[in-house]
Structure formats: structure tokens, C-alpha cells
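Student: Data: work.txt, compact mmCIF, C-alpha atoms.
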# COMPACT_ATOMS: atom_id res chain seq x y z
CA MET A 1 79.47 51.83 131.41
CA LYS A 2 83.03 52.16 130.21
CA LEU A 3 82.00 53.77 126.95
CA ASP A 4 80.19 56.66 128.64
CA PRO A 5 83.01 59.24 128.35
CA ILE A 6 83.26 58.56 124.61
CA ARG A 7 79.50 58.77 124.30
CA ASN A 8 79.54 62.15 126.06
CA LEU A 9 82.20 63.37 123.71
CA GLY A 10 80.16 62.31 120.73
CA HIS A 11 77.07 63.94 122.18
CA SER A 12 78.77 67.28 122.74
CA GLY A 13 80.34 67.12 119.29
CA LEU A 14 76.97 66.44 117.69
CA SER A 15 75.24 69.22 119.60
CA PHE A 16 78.04 71.63 118.68
CA PHE A 17 77.59 70.92 115.00
CA GLN A 18 73.81 71.09 115.35
CA ARG A 19 74.13 74.56 116.85
CA LEU A 20 76.56 75.55 114.13
CA GLY A 21 74.13 74.34 111.49
CA ARG A 22 71.18 76.14 113.10
CA GLY A 23 73.28 79.29 113.30
CA ASN A 24 74.15 79.11 109.62
CA ILE A 25 70.56 78.43 108.56
CA LEU A 26 69.43 81.37 110.69
CA PHE A 27 72.09 83.57 109.08
CA VAL A 28 70.84 82.69 105.60
CA ASN A 29 67.21 83.28 106.65
CA ILE A 30 68.11 86.67 108.12
CA LEU A 31 69.84 87.69 104.89
CA ARG A 32 66.89 86.46 102.82
CA GLY A 33 64.60 88.62 104.92
CA SER A 34 66.61 91.79 104.44
CA PRO A 35 65.23 92.94 101.04
CA ALA A 36 61.72 92.98 102.55
CA LEU A 37 63.02 95.39 105.18
CA LEU A 38 63.28 98.12 102.54
CA LEU A 39 59.50 98.32 102.63
CA ARG A 40 59.52 99.03 106.35
CA PRO A 41 62.58 101.20 107.11
CA GLY A 42 61.01 102.31 110.39
CA LEU A 43 61.83 98.95 111.97
CA LEU A 44 65.49 99.33 111.02
CA ILE A 45 65.69 102.92 112.30
CA GLN A 46 64.22 101.88 115.63
CA GLN A 47 66.90 99.20 115.97
CA VAL A 48 69.77 101.45 114.83
CA TYR A 49 68.66 103.73 117.65
CA SER A 50 68.76 101.06 120.35
CA VAL A 51 71.87 99.30 119.01
CA GLY A 52 73.90 102.23 117.73
CA VAL A 53 72.80 105.54 119.22
CA LEU A 54 72.53 104.19 122.75
CA SER A 55 76.09 102.78 122.45
CA LEU A 56 77.45 106.20 121.49
CA LEU A 57 78.20 107.38 125.01
CA ILE A 58 80.35 104.40 126.05
CA ILE A 59 82.14 104.41 122.68
CA PHE A 60 82.80 108.13 122.89
CA VAL A 61 84.12 108.10 126.45
CA SER A 62 86.20 104.94 125.96
CA GLY A 63 87.67 106.26 122.72
CA LEU A 64 88.65 109.52 124.37
CA PHE A 65 90.33 107.83 127.31
CA VAL A 66 92.05 105.14 125.25
CA GLY A 67 93.47 107.86 123.02
CA MET A 68 94.58 109.89 126.03
CA VAL A 69 96.29 106.89 127.66
CA LEU A 70 98.00 106.04 124.37
CA GLY A 71 99.22 109.63 124.23
CA LEU A 72 100.66 109.45 127.77
CA GLN A 73 102.24 106.02 127.43
CA GLY A 74 103.53 106.64 123.93
CA TYR A 75 105.06 109.94 124.98
CA ASN A 76 106.87 108.44 127.96
CA THR A 77 108.47 105.77 125.76
CA LEU A 78 109.16 107.93 122.73
CA VAL A 79 110.74 110.75 124.69
CA LYS A 80 113.55 108.36 125.70
CA PHE A 81 114.55 108.12 122.05
CA GLY A 82 113.95 111.78 121.35
CA ALA A 83 111.18 110.76 118.98
CA GLU A 84 108.18 112.37 120.70
CA GLU A 85 107.28 113.97 117.35
CA SER A 86 106.12 110.51 116.26
CA LEU A 87 103.49 110.40 119.01
CA GLY A 88 100.73 111.08 116.50
CA VAL A 89 101.73 108.09 114.40
CA VAL A 90 101.77 105.77 117.40
CA VAL A 91 98.33 106.93 118.53
CA ALA A 92 96.72 107.02 115.08
CA LEU A 93 98.09 103.73 113.78
CA SER A 94 97.29 101.74 116.91
CA LEU A 95 93.77 103.19 116.97
CA VAL A 96 92.94 102.90 113.29
CA ARG A 97 94.46 99.46 112.76
CA GLU A 98 93.72 97.66 116.01
CA LEU A 99 92.20 99.36 118.99
CA GLY A 100 89.40 101.14 117.14
CA PRO A 101 87.75 98.06 115.66
CA VAL A 102 88.69 95.65 118.49
CA VAL A 103 87.84 97.73 121.57
CA ALA A 104 84.74 99.16 119.90
CA GLY A 105 83.80 95.54 119.05
CA LEU A 106 84.27 94.35 122.62
CA LEU A 107 82.27 97.28 123.99
CA PHE A 108 79.63 96.71 121.34
CA ALA A 109 79.38 93.03 122.31
CA GLY A 110 78.95 93.98 125.95
CA ARG A 111 76.60 96.92 125.43
CA ALA A 112 74.49 95.99 122.41
CA GLY A 113 75.05 92.25 121.90
CA SER A 114 73.96 91.28 125.41
CA ALA A 115 70.88 93.51 125.14
CA LEU A 116 69.91 91.91 121.82
CA THR A 117 70.22 88.38 123.22
CA ALA A 118 68.30 89.20 126.38
CA GLU A 119 65.52 90.91 124.41
CA ILE A 120 65.08 88.12 121.88
CA GLY A 121 65.49 85.41 124.53
CA LEU A 122 62.79 87.00 126.66
CA MET A 123 60.53 87.31 123.63
CA LYS A 124 60.97 83.59 123.15
CA ALA A 125 60.47 82.79 126.85
CA THR A 126 57.24 84.79 126.96
CA GLU A 127 56.14 83.14 123.72
CA GLN A 128 55.92 86.36 121.76
CA LEU A 129 57.81 84.72 118.91
CA SER A 130 55.35 81.79 118.85
CA ALA A 131 52.48 84.29 118.89
CA MET A 132 53.93 85.96 115.82
CA GLU A 133 54.14 82.62 114.05
CA MET A 134 50.48 81.99 114.96
CA MET A 135 49.65 85.27 113.19
CA ALA A 136 51.64 84.12 110.15
CA VAL A 137 54.32 86.74 110.82
CA ASP A 138 57.80 85.38 110.35
CA PRO A 139 59.68 86.29 113.57
CA VAL A 140 63.02 85.98 111.76
CA ARG A 141 62.06 88.72 109.33
CA ARG A 142 60.11 90.84 111.78
CA VAL A 143 62.44 90.65 114.80
CA LEU A 144 65.86 89.30 113.86
CA THR A 145 66.62 90.86 110.46
CA PRO A 146 66.22 94.52 111.57
CA ARG A 147 68.42 93.89 114.62
CA PHE A 148 71.08 92.14 112.58
CA LEU A 149 71.20 94.86 109.92
CA ALA A 150 71.25 97.56 112.60
CA GLY A 151 74.37 95.98 114.09
CA PHE A 152 75.89 95.64 110.64
CA ILE A 153 75.35 99.37 110.00
CA SER A 154 76.22 100.65 113.47
CA MET A 155 79.47 98.82 114.16
CA PRO A 156 81.66 100.47 111.44
CA LEU A 157 80.27 103.88 112.38
CA LEU A 158 80.97 103.28 116.07
CA ALA A 159 84.50 102.07 115.33
CA ALA A 160 85.17 105.13 113.17
CA ILE A 161 83.89 107.43 115.92
CA PHE A 162 86.05 105.55 118.44
CA SER A 163 89.20 106.01 116.32
CA ALA A 164 88.51 109.65 115.51
CA VAL A 165 87.77 110.57 119.13
CA GLY A 166 90.85 108.60 120.23
CA VAL A 167 93.12 110.52 117.86
CA LEU A 168 91.69 113.74 119.28
CA GLY A 169 92.24 112.42 122.83
CA GLY A 170 95.88 111.71 122.00
CA TYR A 171 96.08 115.21 120.57
CA PHE A 172 94.74 116.78 123.77
CA VAL A 173 97.25 114.95 125.94
CA GLY A 174 100.22 115.06 123.58
CA VAL A 175 99.90 118.60 122.27
CA GLY A 176 97.90 120.18 125.07
CA LEU A 177 99.54 118.71 128.17
CA LEU A 178 102.93 117.33 127.14
CA GLY A 179 103.96 119.96 124.63
CA VAL A 180 104.43 117.95 121.44
CA ASP A 181 104.48 120.26 118.45
CA GLU A 182 101.02 120.55 116.94
CA GLY A 183 102.20 120.60 113.33
CA ALA A 184 104.48 117.60 113.87
CA TYR A 185 101.61 115.63 115.44
CA TRP A 186 99.35 115.97 112.41
CA SER A 187 101.98 115.95 109.68
CA GLN A 188 103.62 112.80 111.05
CA ILE A 189 100.19 111.15 111.11
CA GLN A 190 99.43 112.19 107.56
CA ALA A 191 102.84 111.08 106.32
CA ASN A 192 102.63 107.62 107.86
CA VAL A 193 98.98 106.55 107.82
CA ASP A 194 97.94 105.17 104.46
CA PHE A 195 94.32 105.41 103.39
CA ASP A 196 94.08 102.03 101.65
CA ASP A 197 96.36 100.04 103.92
CA ASP A 198 95.30 101.38 107.29
CA ILE A 199 91.93 103.12 107.22
CA ILE A 200 90.12 100.85 104.75
CA ASN A 201 91.50 97.75 106.46
CA GLY A 202 90.29 99.10 109.80
CA VAL A 203 86.83 99.66 108.34
CA ILE A 204 86.80 96.12 106.88
CA LYS A 205 87.70 94.76 110.31
CA SER A 206 84.89 96.66 111.98
CA VAL A 207 82.35 95.46 109.39
CA VAL A 208 83.42 91.84 109.97
CA PHE A 209 83.22 92.28 113.74
CA GLY A 210 79.80 93.90 113.45
CA VAL A 211 78.45 90.98 111.42
CA VAL A 212 79.91 88.34 113.75
CA ILE A 213 78.83 90.02 117.00
CA THR A 214 75.24 90.66 115.95
CA TRP A 215 74.99 87.22 114.36
CA ILE A 216 76.10 85.55 117.60
CA ALA A 217 73.85 87.80 119.70
CA VAL A 218 70.78 87.25 117.56
CA PHE A 219 71.37 83.51 117.29
CA GLU A 220 71.96 83.03 121.01
CA GLY A 221 68.73 84.85 121.78
CA TYR A 222 66.74 82.92 119.19
CA ASP A 223 68.27 79.60 120.27
CA ALA A 224 68.01 80.22 124.03
CA ILE A 225 66.24 77.76 126.30
CA PRO A 226 63.01 79.63 127.04
CA THR A 227 63.45 79.92 130.79
CA SER A 228 64.90 82.73 132.88
CA GLU A 229 68.01 80.62 133.48
CA GLY A 230 68.34 79.81 129.78
CA VAL A 231 68.11 83.48 128.84
CA SER A 232 70.75 84.45 131.39
CA ARG A 233 73.07 81.73 130.09
CA ALA A 234 72.49 82.80 126.52
CA THR A 235 73.35 86.40 127.40
CA THR A 236 76.59 85.31 129.05
CA ARG A 237 77.46 83.13 126.07
CA THR A 238 76.88 86.04 123.71
CA VAL A 239 79.36 88.26 125.49
CA VAL A 240 81.97 85.51 125.93
CA HIS A 241 81.69 84.03 122.45
CA SER A 242 81.56 87.32 120.58
CA SER A 243 84.52 88.72 122.54
CA LEU A 244 86.53 85.60 121.74
CA ALA A 245 85.41 85.73 118.12
CA VAL A 246 86.46 89.39 117.85
CA LEU A 247 89.92 88.70 119.26
CA GLY A 248 90.46 85.55 117.21
CA LEU A 249 89.20 87.08 113.97
CA ASP A 250 91.31 90.15 114.63
CA PHE A 251 94.44 88.02 114.60
CA ILE A 252 93.42 86.28 111.38
CA LEU A 253 92.44 89.53 109.67
CA THR A 254 95.63 91.26 110.78
CA ALA A 255 97.71 88.37 109.49
CA LEU A 256 95.89 88.56 106.15
CA MET A 257 96.02 92.36 105.84
CA PHE A 258 99.36 93.38 107.28
CA GLY A 259 101.36 90.16 106.99
CA GLU A 260 103.85 90.20 104.16
CA MET B 1 60.23 108.40 122.88
CA THR B 2 58.36 109.40 119.78
CA SER B 3 59.48 108.02 116.46
CA ARG B 4 60.42 111.52 115.33
CA THR B 5 63.05 111.92 118.06
CA VAL B 6 64.32 108.40 117.36
CA GLU B 7 64.73 109.25 113.72
CA ILE B 8 66.55 112.49 114.53
CA TRP B 9 68.93 110.66 116.85
CA VAL B 10 69.62 107.97 114.27
CA GLY B 11 70.25 110.67 111.68
CA LEU B 12 72.71 112.40 114.01
CA PHE B 13 74.40 109.07 114.72
CA VAL B 14 74.88 108.29 111.04
CA VAL B 15 76.15 111.82 110.36
CA ALA B 16 78.60 111.56 113.27
CA GLY B 17 79.85 108.19 112.05
CA ILE B 18 80.35 109.39 108.50
CA ALA B 19 82.00 112.58 109.76
CA ALA B 20 84.41 110.45 111.81
CA MET B 21 85.26 108.35 108.76
CA PHE B 22 85.71 111.49 106.70
CA MET B 23 87.97 112.98 109.35
CA LEU B 24 90.04 109.78 109.45
CA ALA B 25 90.31 109.82 105.67
CA MET B 26 91.21 113.48 105.23
CA GLN B 27 92.92 114.50 108.46
CA VAL B 28 94.57 111.30 109.62
CA SER B 29 95.51 109.49 106.44
CA ASN B 30 97.61 110.69 103.56
CA LEU B 31 94.57 111.01 101.31
CA GLY B 32 94.29 114.74 101.94
CA THR B 33 97.90 115.46 101.07
CA PHE B 34 98.53 112.98 98.33
CA SER B 35 97.22 113.86 94.91
CA SER B 36 97.67 110.80 92.74
CA GLY B 37 97.72 111.03 88.98
CA GLU B 38 97.73 114.82 89.08
CA GLY B 39 101.17 115.58 87.72
CA TYR B 40 103.87 114.22 85.50
CA GLU B 41 106.25 111.30 85.77
CA ILE B 42 110.02 111.54 85.58
CA GLU B 43 112.57 108.77 85.75
CA ALA B 44 116.00 108.47 87.31
CA ARG B 45 118.51 105.62 87.39
CA PHE B 46 120.49 104.95 90.54
CA GLU B 47 123.44 102.68 91.23
CA ASP B 48 121.89 101.90 94.59
CA ALA B 49 118.30 102.59 95.65
CA SER B 50 118.36 100.59 98.88
CA GLY B 51 115.96 101.85 101.50
CA LEU B 52 113.85 103.80 99.03
CA LYS B 53 110.21 102.74 98.91
CA VAL B 54 107.23 103.36 96.70
CA ARG B 55 105.49 106.49 98.06
CA SER B 56 108.72 107.89 99.51
CA PRO B 57 108.74 111.70 99.18
CA VAL B 58 110.55 113.53 96.38
CA THR B 59 111.76 116.88 97.63
CA MET B 60 113.55 119.96 96.43
CA ALA B 61 114.87 122.48 98.96
CA GLY B 62 113.15 120.41 101.63
CA VAL B 63 109.69 120.82 100.13
CA THR B 64 107.85 117.71 99.00
CA LEU B 65 107.11 118.03 95.29
CA GLY B 66 105.93 114.49 94.63
CA ARG B 67 106.24 110.82 95.43
CA VAL B 68 108.11 107.78 94.20
CA THR B 69 105.59 105.73 92.21
CA ASN B 70 107.65 102.77 91.06
CA ILE B 71 111.03 101.17 91.63
CA SER B 72 112.24 98.52 89.20
CA PHE B 73 115.48 96.86 88.18
CA ASP B 74 117.07 97.25 84.79
CA GLY B 75 118.69 93.92 83.95
CA LYS B 76 120.95 95.41 81.27
CA SER B 77 122.63 98.23 83.16
CA TYR B 78 122.16 96.63 86.62
CA GLN B 79 120.69 99.88 87.89
CA ALA B 80 117.57 100.72 89.86
CA VAL B 81 115.00 102.61 87.78
CA VAL B 82 112.99 104.95 90.02
CA THR B 83 109.84 106.54 88.61
CA MET B 84 108.59 109.64 90.40
CA ASN B 85 105.36 111.57 90.15
CA ILE B 86 105.81 115.33 90.46
CA GLU B 87 102.79 117.50 91.19
CA LYS B 88 101.71 119.45 88.17
CA GLN B 89 102.17 122.93 89.64
CA TYR B 90 105.94 122.29 89.80
CA ASN B 91 106.45 122.17 86.03
CA GLN B 92 109.39 124.60 85.95
CA LEU B 93 112.14 122.25 87.15
CA PRO B 94 115.25 122.70 84.99
CA ALA B 95 116.28 119.84 82.73
CA GLY B 96 119.70 119.62 84.38
CA THR B 97 118.22 118.73 87.75
CA SER B 98 120.10 116.00 89.59
CA ALA B 99 118.60 113.42 91.93
CA ASN B 100 120.13 112.10 95.14
CA ILE B 101 118.86 109.60 97.68
CA TYR B 102 119.15 111.02 101.18
CA THR B 103 118.24 109.83 104.64
CA ALA B 104 115.97 111.91 106.85
CA GLY B 105 117.72 112.05 110.20
CA LEU B 106 120.02 109.37 111.54
CA LEU B 107 117.61 106.45 111.31
CA GLY B 108 114.92 108.06 109.21
CA GLU B 109 113.27 107.18 105.94
CA LYS B 110 115.05 107.48 102.62
CA TYR B 111 113.83 110.16 100.26
CA VAL B 112 114.78 111.54 96.87
CA GLY B 113 116.28 115.02 96.98
CA LEU B 114 116.31 116.97 93.73
CA LEU B 115 118.99 119.62 93.16
CA PRO B 116 118.23 122.22 90.51
CA GLY B 117 120.70 122.34 87.63
CA SER B 118 120.85 124.48 84.53
CA ALA B 119 117.87 124.96 82.31
CA ALA B 120 120.22 125.61 79.39
CA ASP B 121 118.41 125.67 76.09
CA PRO B 122 119.94 123.58 73.32
CA CYS B 123 120.43 126.58 70.97
CA GLU B 124 122.87 128.22 73.37
CA ASP B 125 124.76 124.94 73.71
CA GLU B 126 124.94 124.55 69.95
CA LYS B 127 126.14 128.16 69.50
CA LEU B 128 128.90 127.67 72.06
CA GLN B 129 129.93 124.37 70.53
CA ALA B 130 130.01 125.91 67.06
CA GLU B 131 132.09 128.85 68.26
CA LEU B 132 134.64 126.50 69.79
CA GLU B 133 134.84 124.42 66.64
CA GLY B 134 134.86 127.49 64.44
CA ARG B 135 131.79 126.60 62.36
CA LYS B 136 128.34 128.05 61.83
CA PRO B 137 125.79 127.06 64.46
CA ASP B 138 123.19 124.61 63.13
CA LEU B 139 119.92 125.52 64.83
CA GLN B 140 117.78 123.31 62.59
CA GLY B 141 115.34 121.19 64.58
CA LEU B 142 116.42 122.59 67.94
CA ASP B 143 113.95 123.91 70.48
CA CYS B 144 115.21 127.39 71.43
CA LYS B 145 113.63 127.57 74.87
CA PRO B 146 114.88 126.80 78.37
CA GLN B 147 114.35 123.07 78.94
CA HIS B 148 112.23 121.84 81.82
CA LEU B 149 111.48 118.41 83.16
CA ALA B 150 108.24 117.09 81.71
CA GLN B 151 106.30 113.84 81.41
CA GLY B 152 108.75 111.02 80.70
CA SER B 153 111.93 113.07 81.25
CA LYS B 154 114.98 111.19 82.46
CA ILE B 155 117.27 112.66 85.09
CA GLN B 156 120.88 112.12 84.04
CA LEU B 157 122.85 113.06 87.16
CA THR B 158 122.10 110.76 90.08
CA GLN B 159 123.68 109.72 93.34
CA GLY B 160 122.36 106.56 94.99
CA SER B 161 121.88 105.66 98.63
CA LEU B 162 124.82 105.57 100.94
CA VAL B 163 124.84 102.22 102.68
CA LEU B 164 126.40 102.26 106.12
CA GLU B 165 128.28 98.97 105.66
CA LYS B 166 129.85 100.19 102.42
CA LEU B 167 131.00 103.39 104.11
CA ILE B 168 132.47 101.45 107.02
CA ALA B 169 134.17 99.00 104.65
CA GLN B 170 135.70 101.91 102.71
CA PHE B 171 136.85 103.54 105.90
CA VAL B 172 138.35 100.32 107.27
CA SER B 173 140.19 99.49 104.04
CA SER B 174 141.67 102.99 103.73
CA PHE B 175 142.65 102.82 107.39
CA MET B 176 144.43 99.51 106.82
CA ASP B 177 146.20 100.88 103.75
CA ASN B 178 147.51 103.84 105.71
CA LYS B 179 148.71 101.53 108.46
CA GLU B 180 150.63 99.36 105.99
CA LYS B 181 152.18 102.40 104.34
CA THR B 182 153.44 103.76 107.65
CA LYS B 183 154.78 100.29 108.52
CA ASN B 184 156.73 100.07 105.25
CA LYS B 185 158.30 103.43 105.84
Write out the structure in this file as C-alpha cells.
Tutor:
Amino acid sequence: MKLDPIRNLGHSGLSFFQRLGRGNILFVNILRGSPALLLRPGLLIQQVYSVGVLSLLIIFVSGLFVGMVLGLQGYNTLVKFGAEESLGVVVALSLVRELGPVVAGLLFAGRAGSALTAEIGLMKATEQLSAMEMMAVDPVRRVLTPRFLAGFISMPLLAAIFSAVGVLGGYFVGVGLLGVDEGAYWSQIQANVDFDDDIINGVIKSVVFGVVITWIAVFEGYDAIPTSEGVSRATTRTVVHSSLAVLGLDFILTALMFGE
Amino acid sequence: MTSRTVEIWVGLFVVAGIAAMFMLAMQVSNLGTFSSGEGYEIEARFEDASGLKVRSPVTMAGVTLGRVTNISFDGKSYQAVVTMNIEKQYNQLPAGTSANIYTAGLLGEKYVGLLPGSAADPCEDEKLQAELEGRKPDLQGLDCKPQHLAQGSKIQLTQGSLVLEKLIAQFVSSFMDNKEKTKNK
């Protein structure tokens, strides 16, 4: 038929909005389940361990190396203008404002988001979620809410650790290897980094990223087609979509926060 | 993994995250160095405050004593009104202190530099004035102590920013004048 392409377009549009609607309903259900979690904090702690603590190593190492590379690259450029004293500002501002939340978010999506989707998707494929429903246990409250809240808690902490370790990495390279004055490194940072404008905005960014990444991860797992292929596709979609969401939201948030 | 070890790890994780945030707040940002509200406010009027920003440092002898808290425009005198917060331990600045807007380095930030003036107490002034005029000094209602800057004080002697274009324009016009003079001779 000639109308088939238009029909396909309509079909994909409809299924997109259906997924969006299911995602939003799931988000509301997860939030409604969170007060009940106070009665069972053990579930949350278990998830903070697997989402947050197990991501520590990659965050720590990446933060250190990103900070060290920023120190090297920043030094090579700044030394041309005789402004190598400002190295600390370059490292600290780029980490606190942008790289901390964004790179930690991308790593978090790859490390924790994919694991969440795969775990929940496999639970669905092996009908563990249906079994819970049979026992009158709400799988959204029992399985999804603790994972979502764990991501919500872990992401700002991971981003803060990333930024702090990165500033120290820049310090090791700049002060230790390249001979920038130690006092100038810290005092320039303190003179130019503002608590409200830079640090709080960075924390807000990381909270937003944490919510979006875990929401996408949890939804993709819960909405996956319950086959091995469906779970693998859902995992891929989690990483791709949450990385894109982090980068896109970062632009919007930066425009809102730092735009005049 | 027993739940006890899990809980310990999570506790360590949360402590590390909060410690990182604390380090960013105290060591990296200006929160550790900037004490807001602790101190007193003084005011100075400048012909030109271009380049000065809120939170620019206020220094004396190169030491930061406070920060600029507000910059506004006075529509009557067409001057910039700069309010500065001076930390409270520096409460011995003489009343005759003058304020200048300087530039740190060639392309650096603008800052307010304070130069100490006299802390002359009004009784001495009155005595001198009376001696000159040949009358008895009238010390009624005068505070016979050295005067210091305090909350709400206004700095009288000021020197605004030097704008590069203005300097160049001055230089060029004086250069042209000289040229014309030599031509006429």
C-alpha cells in the first residue's frame, strides 16, 4: 500500500508516547513506594552497595586521571601566556562545573545503569517479578524503588568524589611534576571558585543526572521484552539513552545556571 | 558477603562522598576564606567603577581585608556607590583612609586598594582651627578620640578605575596639541 510509510510513522510515534507514558507512570509509582522503604532500610543499603560502592573504583581512578590530564594540558597552554599560576582554577572549575557531574554520570550509566537494567530484565525474563505479584508483593516497591533511590543517593556522592580526586590529581601533576607554586594553586582556586555558583550548581547537576540515569535504567529493565535478546537490547538502550540524556541535560542545565 | 560488611562499606562510601563535598566546599571554593556578614560596611563613591565586581577584594598593603558587597549608581551625583564589607578584626582603619580602584597585573581583576590616611580626632582639628582664627576652641559635642572607619562610614577621598581608552585618548590629544604648537612656532 502507498500509505504504509505514513502508517509506520504513526505506529512508531504511538509506541514512543506509550513508552513515555509507561515510564512516567512507573516513575510516579516508584516515588509513591519510597516512604515504605523507611521501614526496610536494609534493602536500600544493599542497593547503595551494589550501585554506589562497587562504582567507587572506576570513579576514583577516572577522576584521578582526568584531573592529571587536565593539569598537563592546562599547564602546556597556560605556560604560553605566563599564567601557569591559574592552573588550579582551570582544573577545579572544569571539574566542579562540568567534568565531575558529566563524566561521573557517563561512567555511572555504563557501570551501574547497565547492571540495573540487566538485573531487572533478567528478573522479568525468569518470571521472578510475576512470582512476586503472585505472592501479593509489589515488584515496583520491592525491587525498583530501592534501586532508584540508591542511584539517587549515590550519584551526587560519586560526582563529588570524582571532582575532589580530580583536583588532587591536578595538584599532583601541576605542583608535584611541573613545579607550579603550591600556594598559588590553592589560593587561585579559592579566589575564583564560588560556593553557590559553582559547587552547588555542580551538585544539582549530579542529582539530576542520578535521577535520570537510574530512572532510564530501571524503566528499561522493567519494560524489557522478557527474552535474552530483549534484555540485551534493553541494556544497550539504557547506556545509549542515559548517556545522551546526560549530555543533553548538561547543556540545558549549563545554559540555565551559567548563562547570563 | 555478609550484611555487616555491606553496611560497613556503604557507611564508608557515604562518609567518603560527604568528605569529598566538604573538601570541595572548604578547600576548593571560597567558602573557607569568605566570612560573610562578619564585619562592618563602609561606602565609597567613585567617578568610575568600571571593571569592579561584587565580591572583588578590598585590600590594604596588599592584604585582603574584605569584599565589595554592592555596586550601585547614584542618579544625582552620577557616581558609582561601592559598598564594601570589611572583616571585623580590622576595625582600626583611620577615618582619613582613601580608596582607589587598581588592576591586579596587566589584564587582571580590578580591586579596591585602601590607603591609610590620618586618624585625626576632631578636637585637635578644632583646636588648630581656633588658634588660626584667634578664638577659643569649642569642644562641645566633639568626640575627642582618634576616628576610625566603622559601620556606615563614608570614604571621602577616592580615585576611580583607569580606563585604557581614556588614557590613550588623553595621550593622543596631548600629543596632537604638542605637534600643533611646534608647527605654529
Student: Give as a PDB file with C-alpha atoms, in the coordinates of the input every residue of chain B that touches chain A within 10 Å, counting all atoms listed in the file.
Tutor:
ATOM      1  CA  SER B   3      59.480 108.020 116.460  1.00  0.00           C
ATOM      2  CA  THR B   5      63.050 111.920 118.060  1.00  0.00           C
ATOM      3  CA  VAL B   6      64.320 108.400 117.360  1.00  0.00           C
ATOM      4  CA  GLU B   7      64.730 109.250 113.720  1.00  0.00           C
ATOM      5  CA  ILE B   8      66.550 112.490 114.530  1.00  0.00           C
ATOM      6  CA  TRP B   9      68.930 110.660 116.850  1.00  0.00           C
ATOM      7  CA  VAL B  10      69.620 107.970 114.270  1.00  0.00           C
ATOM      8  CA  GLY B  11      70.250 110.670 111.680  1.00  0.00           C
ATOM      9  CA  LEU B  12      72.710 112.400 114.010  1.00  0.00           C
ATOM     10  CA  PHE B  13      74.400 109.070 114.720  1.00  0.00           C
ATOM     11  CA  VAL B  14      74.880 108.290 111.040  1.00  0.00           C
ATOM     12  CA  VAL B  15      76.150 111.820 110.360  1.00  0.00           C
ATOM     13  CA  ALA B  16      78.600 111.560 113.270  1.00  0.00           C
ATOM     14  CA  GLY B  17      79.850 108.190 112.050  1.00  0.00           C
ATOM     15  CA  ILE B  18      80.350 109.390 108.500  1.00  0.00           C
ATOM     16  CA  ALA B  19      82.000 112.580 109.760  1.00  0.00           C
ATOM     17  CA  ALA B  20      84.410 110.450 111.810  1.00  0.00           C
ATOM     18  CA  MET B  21      85.260 108.350 108.760  1.00  0.00           C
ATOM     19  CA  PHE B  22      85.710 111.490 106.700  1.00  0.00           C
ATOM     20  CA  MET B  23      87.970 112.980 109.350  1.00  0.00           C
ATOM     21  CA  LEU B  24      90.040 109.780 109.450  1.00  0.00           C
ATOM     22  CA  ALA B  25      90.310 109.820 105.670  1.00  0.00           C
ATOM     23  CA  MET B  26      91.210 113.480 105.230  1.00  0.00           C
ATOM     24  CA  GLN B  27      92.920 114.500 108.460  1.00  0.00           C
ATOM     25  CA  VAL B  28      94.570 111.300 109.620  1.00  0.00           C
ATOM     26  CA  SER B  29      95.510 109.490 106.440  1.00  0.00           C
ATOM     27  CA  ASN B  30      97.610 110.690 103.560  1.00  0.00           C
ATOM     28  CA  LEU B  31      94.570 111.010 101.310  1.00  0.00           C
ATOM     29  CA  GLY B  32      94.290 114.740 101.940  1.00  0.00           C
ATOM     30  CA  THR B  33      97.900 115.460 101.070  1.00  0.00           C
ATOM     31  CA  PHE B  34      98.530 112.980  98.330  1.00  0.00           C
ATOM     32  CA  ARG B  55     105.490 106.490  98.060  1.00  0.00           C
ATOM     33  CA  SER B  56     108.720 107.890  99.510  1.00  0.00           C
ATOM     34  CA  PRO B  57     108.740 111.700  99.180  1.00  0.00           C
TER      35      PRO B  57
END
Student: I'd like the contact shell of Gly210 of chain A - 12 Å cut-off, all atoms listed in the file, skipping same-chain residues fewer than 6 positions apart - returned as number ranges by chain.
Tutor: A: 51-52, 101-102, 104-109, 112-113, 147-159, 203-204, 216-218, 242-243, 245-246, 249
Student: Rounded to one decimal in Å, what is the spacing between atom CA of Phe17 of chain A and atom CA of His241 of chain A?
Tutor: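 Answer for the atom CA of Phe17 of chain A to atom CA of His241 of chain A separation: 15.6 Å.
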Student: One number please: atom CA of Val112 of chain B to atom CA of Glu87 of chain B, in Å, one decimal.
Tutor: 14.5 Å
Student: May I have the residues within 12 Å of Ser72 of chain B as a list in words, using all atoms listed in the file and disregarding those fewer than 6 positions away in the same chain?
Tutor: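 Everything that qualifies: Glu43, Ala44, Arg45, Phe46, Asp48, Ala49, Ser50, Leu52, Lys53, Val54, Tyr78, Gln79, Ala80, Val81, Val82, Thr83 and Met84 of chain B.
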Student: Can you pull out every residue within 6 Å of segment 223-227 of chain A, counting only C-alpha atoms, but drop anything in the same chain fewer than 4 positions away, and send it as a list in words?
Tutor: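 These residues fall inside the cut-off: Gly121, Lys124, Ala125, Phe219, Val231 and Ala234 of chain A.
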Student: What's around Tyr40 of chain B at 7 Å? Count all atoms listed in the file, leave out sequence neighbours fewer than 6 positions away in its own chain, and write the answer as a ChimeraX atom specification.
Tutor: /B:85-88,150-151
Student: Using atom CA of Ser173 of chain B and atom CA of Leu157 of chain B as the two end points, give the distance in Å to one decimal.
Tutor: 27.7 Å
Student: Excluding segment 67-84 of chain A and residues on its chain fewer than 2 positions from it, collect all residues at most 10 Å away from it, counting only C-alpha atoms, and give them as number ranges by chain.
Tutor: A: 61-65, 86-92, 94-95, 99-100, 162-175, 177-181, 184-185
Student: From the list A:Ala115, A:Val212, A:Met1, A:Leu44, which residue is nearest Gly23 of chain A when using all atoms listed in the file?
Tutor: A:Val212
Student: Hey, can I get the axis-aligned box for segment 150-160 of chain B? All listed atoms, 4 Å padding on each side, centre and edge lengths in Å to one decimal, as AutoDock Vina command-line options.
Tutor:
--center_x 115.0 --center_y 111.8 --center_z 87.8 --size_x 25.4 --size_y 18.5 --size_z 22.3
